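Below: one structure, written as structure tokens.
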Amino acid sequence: MHNASTASTTEAATVPETTSSVDSYFADHPTPPFLDNYKDRIQDLLDFHASSPRPIVLITSGGTTVPLETQTVRFIDNFSAGTRGATSAEHFIAQGYVVIFLHRRFSLLPYSRHYSHSTHCFLDFMRPSEDGKNIQVVDEYRPEMLQVLTRYREAQSKRRLLLLDFVTVSEYLHCLRASALLLAPLGPRVMYYLAAAVSDFFIPTKEMAQHKIQSGDGSLSLTMTQVPKFLSILVHSWATSSYIVSFKLETDPKMLLPKAQQALARYGHQVVVANLLHTRKERVVLISPVASTEYTSNPQYSSHTIDLAPGTEEIEEPLVEELVHRHEDWQSTSSS
Ligand code: 9Z3
């Protein structure tokens, strides 16, 4: 792990984006039918923890889909399996957090991730007992499974993990807005950890094919519209005093740090975790503004690289630890 070098950029200073593109996006994409149920479950969780000062993290995880047809047969998706989000959730819970885990349906979940999407089928972890009447865990997997099961049951019994799922980018954005508005009264106690791989483009409802696109016409051309910059609205309107961590994924190493700094300059939040597709499990770089970047033309940024150290299994462990420290500082600064 190495620390704090500074860098500068000539990107424009933070300017809140207009809400009109966001409003028209929501007007074009009706509220998902399950949203009221999600709101009730979030409120119920917040009420349960109301008397404890526990910090809360809203983790977004996995990819979002973009439907090509109203009655969707085909959609555009991305690679994310939700490993970052599911792994991080376990580490946040271990650090005392309550986790709201807003994830892509069927992507990896905290705890069960150890036994799904693995090279083994989950059935390979078990065997019938000698008399054939019971199921046992295969000896070599027993110690780890017992540990995972214990942590899972504790998270459940203490109500430290709420699972909420989405599929499309518009469901994701509705859920993010609804959650943020319910979490707003808790202000600095809340961290946003936006690891979901969110589509940048969508097809507006009025331009979308109603029925399955037919193949008889030969090639297919798609024109997509840019998804409005929700991070800006989250920072400047929905979650103004919370601690916001976004992620920046690139494949070209030259682009990574400039794009991360550009995101901070544009949205004015606290941290961008920069990662490259092929090394994301071994290295992440935390980019943050050194001082207030608001309305300055040459903001300064610190960068803090975390490399997966020998003996550490998951980079999310030191990543979450670092962010928890920063969030503690944020909460004490906000209360003083
Ligand atoms: C990330 O960079 C995440 O770390 C990964 C995790 C998606 C790479 P896996 O699920 O992968 O563990 O396989 N997320 C990128 C989030 C994103 O799309 N950010 C937006 C952007 O870069 C802004 S919030 O524009």
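Scheme for the structure tokens: letters A, B, ... for chains in order shown; per-chain residue numbers from 1; ligand numbers from 1 in order shown.
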### Task
Write out as a PyMOL selection string each polymer residue (protein, DNA or RNA) that has an atom no more than 8 Å from ligand 1, with only C-alpha atoms and all ligand atoms counted.
chain A and resi 61-63+79-85+194-200+231+246-250+263+273-277+280-281
For the selection just defined, write its residues with C-alpha atoms to a file, as a PDB file, in the first residue's frame.
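Okay, result20.pdb is ready:
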```pdb
ATOM      1  CA  SER A  61     -23.570  -3.812  -7.013  1.00  0.00           C
ATOM      2  CA  GLY A  62     -23.644  -5.655 -10.332  1.00  0.00           C
ATOM      3  CA  GLY A  63     -24.583  -4.465 -13.789  1.00  0.00           C
ATOM      4  CA  PHE A  79     -19.710  -7.932 -17.406  1.00  0.00           C
ATOM      5  CA  SER A  80     -20.065  -7.161 -13.693  1.00  0.00           C
ATOM      6  CA  ALA A  81     -20.794 -10.207 -11.514  1.00  0.00           C
ATOM      7  CA  GLY A  82     -21.150  -8.104  -8.361  1.00  0.00           C
ATOM      8  CA  THR A  83     -18.003  -9.474  -6.715  1.00  0.00           C
ATOM      9  CA  ARG A  84     -16.825  -6.057  -5.520  1.00  0.00           C
ATOM     10  CA  GLY A  85     -20.147  -5.166  -3.959  1.00  0.00           C
ATOM     11  CA  LEU A 194     -21.516   2.997  -5.759  1.00  0.00           C
ATOM     12  CA  ALA A 195     -19.846  -0.091  -7.196  1.00  0.00           C
ATOM     13  CA  ALA A 196     -22.625  -1.060  -9.628  1.00  0.00           C
ATOM     14  CA  ALA A 197     -21.610  -0.877 -13.274  1.00  0.00           C
ATOM     15  CA  VAL A 198     -24.249   1.530 -14.497  1.00  0.00           C
ATOM     16  CA  SER A 199     -25.093   1.846 -18.172  1.00  0.00           C
ATOM     17  CA  ASP A 200     -24.236   5.219 -19.706  1.00  0.00           C
ATOM     18  CA  LEU A 231     -24.270  11.257  -9.380  1.00  0.00           C
ATOM     19  CA  SER A 246     -18.095   6.266  -6.605  1.00  0.00           C
ATOM     20  CA  PHE A 247     -16.110   3.868  -8.774  1.00  0.00           C
ATOM     21  CA  LYS A 248     -14.436   4.518 -12.095  1.00  0.00           C
ATOM     22  CA  LEU A 249     -13.695   1.624 -14.398  1.00  0.00           C
ATOM     23  CA  GLU A 250     -11.470   1.930 -17.454  1.00  0.00           C
ATOM     24  CA  ALA A 263     -15.605  12.786 -12.053  1.00  0.00           C
ATOM     25  CA  VAL A 273     -12.129   4.445  -6.457  1.00  0.00           C
ATOM     26  CA  ALA A 274     -10.331   3.998  -9.767  1.00  0.00           C
ATOM     27  CA  ASN A 275      -9.807   0.499 -11.139  1.00  0.00           C
ATOM     28  CA  LEU A 276      -8.769  -1.154 -14.386  1.00  0.00           C
ATOM     29  CA  LEU A 277     -10.818  -4.041 -15.744  1.00  0.00           C
ATOM     30  CA  ARG A 280      -9.394  -4.624 -10.398  1.00  0.00           C
ATOM     31  CA  LYS A 281      -8.913  -7.464  -7.926  1.00  0.00           C
TER      32      LYS A 281
END
```
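Residues in contact with Ala180 of chain A at 7 Å, where only C-alpha atoms are counted and same-chain residues fewer than 3 positions away are skipped, are listed as Leu176, Arg177, Leu183, Ala184, Trp238 and Ala239 of chain A.
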For the interface of segment 148-267 of chain A with segment 19-29 of chain A (cut-off 9 Å, counting only C-alpha atoms), please tabulate each contacting residue of segment 148-267 of chain A alongside its nearest pair of atoms and their separation in Å to one decimal, rows sorted by chain and increasing number, as a Markdown table.
```
| residue | atom | partner | partner_atom | distance |
| --- | --- | --- | --- | --- |
| A:Ser170 | CA | A:His29 | CA | 6.5 |
| A:Glu171 | CA | A:His29 | CA | 8.5 |
| A:Leu173 | CA | A:Phe26 | CA | 8.6 |
| A:His174 | CA | A:Phe26 | CA | 7.6 |
| A:Pro204 | CA | A:Asp28 | CA | 7.3 |
| A:Thr205 | CA | A:Asp28 | CA | 6.6 |
| A:Lys206 | CA | A:Asp28 | CA | 8.5 |
| A:Val227 | CA | A:Tyr25 | CA | 8.0 |
| A:Pro228 | CA | A:Val22 | CA | 5.8 |
| A:Lys229 | CA | A:Val22 | CA | 7.7 |
| A:Phe230 | CA | A:Val22 | CA | 7.1 |
| A:Ile233 | CA | A:Thr19 | CA | 6.9 |
```
Mind dumping a table of every segment 152-203 of chain A residue within 10 Å of segment 36-54 of chain A, with the nearest atom pair and its distance in Å to one decimal, using only C-alpha atoms, sorted by chain and rising number, as CSV?
```
residue,atom,partner,partner_atom,distance
A:Lys158,CA,A:His49,CA,9.6
A:Arg159,CA,A:Leu45,CA,7.4
A:Arg160,CA,A:Leu45,CA,8.6
A:Leu161,CA,A:Leu45,CA,9.0
A:Leu162,CA,A:Ile42,CA,7.8
A:Leu163,CA,A:Tyr38,CA,9.5
A:Leu164,CA,A:Tyr38,CA,7.0
A:Asp165,CA,A:Tyr38,CA,9.3
A:Cys175,CA,A:Tyr38,CA,8.0
A:Ala178,CA,A:Lys39,CA,6.9
A:Ser179,CA,A:Lys39,CA,7.0
A:Leu181,CA,A:Lys39,CA,9.7
A:Leu182,CA,A:Gln43,CA,7.0
A:Leu183,CA,A:Leu46,CA,8.3
A:Leu186,CA,A:Leu46,CA,9.4
A:Arg189,CA,A:Arg54,CA,7.7
A:Val190,CA,A:Arg54,CA,9.4
```
### helix (DSSP H, G or I) residues, from DSSP on the backbone, in segment 40-267 of chain A, as a PyMOL selection string
chain A and resi 40-48+83-94+112-114+122-125+139-157+169-189+205-207+230-238+253-267
### Query
Which residues come within 6 Å of Phe202 of chain A, counting only C-alpha atoms, excluding same-chain residues fewer than 5 positions away, as number ranges by chain?
A: 66, 224-225
Produce a file of the selected residues containing N, CA and C atoms, as a PDB file, in the first residue's frame.
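Saved as again_22.pdb:
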```pdb
ATOM      1  N   VAL A  66     -30.119  -2.566 -20.216  1.00  0.00           N
ATOM      2  CA  VAL A  66     -30.840  -1.575 -21.014  1.00  0.00           C
ATOM      3  C   VAL A  66     -31.708  -2.348 -22.010  1.00  0.00           C
ATOM      4  N   MET A 224     -28.695   5.489 -29.173  1.00  0.00           N
ATOM      5  CA  MET A 224     -28.971   5.518 -27.737  1.00  0.00           C
ATOM      6  C   MET A 224     -28.733   6.916 -27.186  1.00  0.00           C
ATOM      7  N   THR A 225     -29.433   7.213 -26.101  1.00  0.00           N
ATOM      8  CA  THR A 225     -29.348   8.526 -25.464  1.00  0.00           C
ATOM      9  C   THR A 225     -28.539   8.375 -24.189  1.00  0.00           C
TER      10      THR A 225
END
```
### Query
Which neighbours of Gln95 of chain A fall inside 9 Å, counting only C-alpha atoms, when residues of the same chain fewer than 2 positions from it are skipped, and could you give them as a ChimeraX atom specification?
/A:90-93,97,320-321,324
